[in-house]
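**Q** The structure under discussion is supplied below as structure tokens; questions concerning it will follow.
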Amino acid sequence: MELPRCELVSWEMVERWSDRLEELIRGADRIPGVLVGLTRGGWVPSRMLADRLGVKKLYALRAQHWGITATPDGKAELTESLHAPLQGEKVLVVDDITDTGESLALAEEHVSSLRPGRLESATFLHLTHSKFRPTYVGEEVPRERWAWFVFPWNYWEDLRVLSRQAAGSPADVSAVRETLRERCHLDVPLEDVRRALQGA
Ligand code: ADP
């Protein structure tokens with residue numbers, strides 16, 4: 001399997017995208033009444049927006065995706081439906097990133113069947129090749145800058161998967177760290193690689 005090029009996302013970047021989304025949403029005078037966060041990736045982003053926009057009604061909708069090691073043509077899936085009173089509400093669906101855009105497209109379709117009064121969407125990152133464009137975007141990423149974005153809430157999971165992929169057997173921690181640095185552009189502490197391999 002090809003190890004993907006990665007970009008490590010800091011909490012500072014997360015704060016910046018949250019601020020940007022707040023600015024866009026307030027600027028458009030479109031404060032939602034209800035937020036729906038796609039889990040798991042949209043869980044933290046939706047909570048941060050709930051805080052910034054002063055929205056009390058926050059629901060989670062579970063979507064599954066192909067993940068870091070599979071192929072991007074795998075299908076996204078909604079594994080559960082949302083049980084929330086959305087009828088007539090101004091709803092904003094939130095996720096971390098639109099890559100293929102499949103998850104958000106499916107989520108919007110499902111949420112719209114619950115007859116909201118208004119339906120919009122927001123993501124921190126939007127890959128411009130995505131087939132679905134959210135209403136609000138924190139930052140656009142052109143195709144040439146595609147990377148696997150290692151968000152702070154997915155750090156250990158991604159590191160476990162990548163370290164396992166990069167490890168020979170027996171795993172040499174320094175060699176794994178070097179492979180992650182060279183092939184994934186991921187510069188992480190040796191101790192973190194050791195911990196990831198233990199949990200892998
Ligand atoms: P899918 O076809 O897998 O549903 P999406 O673009 O809808 O693709 O993304 C679904 C989820 O997969 C995102 O919310 C995010 O958590 C994760 N994801 C997809 N692409 C990336 C990426 N390039 N970097 C980090 N996470 C990603």
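Residues in the structure tokens are named by chain (A, B, ... in the order shown) and by number from 1 within that chain; ligands are numbered from 1 in the order shown.
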Excluding Val91 (chain A) and residues on its chain fewer than 3 positions from it, collect all residues at most 8 Å away from it, counting only C-alpha atoms, and give them as a PyMOL selection string.
**A** chain A and resi 32-36+86+116-120
**Q** For ligand 1, which residue among A:Arg16, A:Arg47, A:Lys131, A:Lys90 is the nearest when counting only C-alpha atoms and all ligand atoms?
**A**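 Smallest separation from ligand 1 among the options: A:Lys131.
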**Q** Identify, on the basis of only C-alpha atoms, every residue whose closest approach to Ala166 (chain A) does not exceed 7 Å; exclude the query and any residue fewer than 5 positions from it along the same chain; express the result as a ChimeraX atom specification.
**A** /A:176,179-180
**Q** Deliver the residues from the most recent selection as a file, using C-alpha atoms, as an mmCIF file, in the first residue's frame.
**A**
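Full text of selection-v6.cif as output:
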```
data_model
loop_
_atom_site.group_PDB
_atom_site.id
_atom_site.type_symbol
_atom_site.label_atom_id
_atom_site.label_comp_id
_atom_site.auth_asym_id
_atom_site.auth_seq_id
_atom_site.Cartn_x
_atom_site.Cartn_y
_atom_site.Cartn_z
ATOM 1 C CA VAL A 176 9.390 3.681 11.168
ATOM 2 C CA THR A 179 9.751 6.311 6.859
ATOM 3 C CA LEU A 180 6.887 8.443 8.146
#
```
**Q** Just the number, please: distance in Å from CA of Glu89 (chain A) to CA of Arg26 (chain A), one decimal.
**A**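 CA of Arg26 (chain A) lies at a distance of 17.3 Å from CA of Glu89 (chain A).
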**Q** Counting only C-alpha atoms and all ligand atoms, which of A:Asp187, A:Glu109, A:Glu182, A:Glu7 gets nearest to ligand 1?
**A**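 Once distances to ligand 1 are computed over only C-alpha atoms and all ligand atoms, the minimum belongs to A:Glu7.
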**Q** Identify, on the basis of only C-alpha atoms, every residue whose closest approach to Val188 (chain A) does not exceed 10 Å; exclude the query and any residue fewer than 6 positions from it along the same chain; express the result as a list in words.
**A**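 Residues near the query, excluding close chain neighbours: Leu8, Leu159, Arg177, Glu178, Leu180 and Arg181 of chain A.
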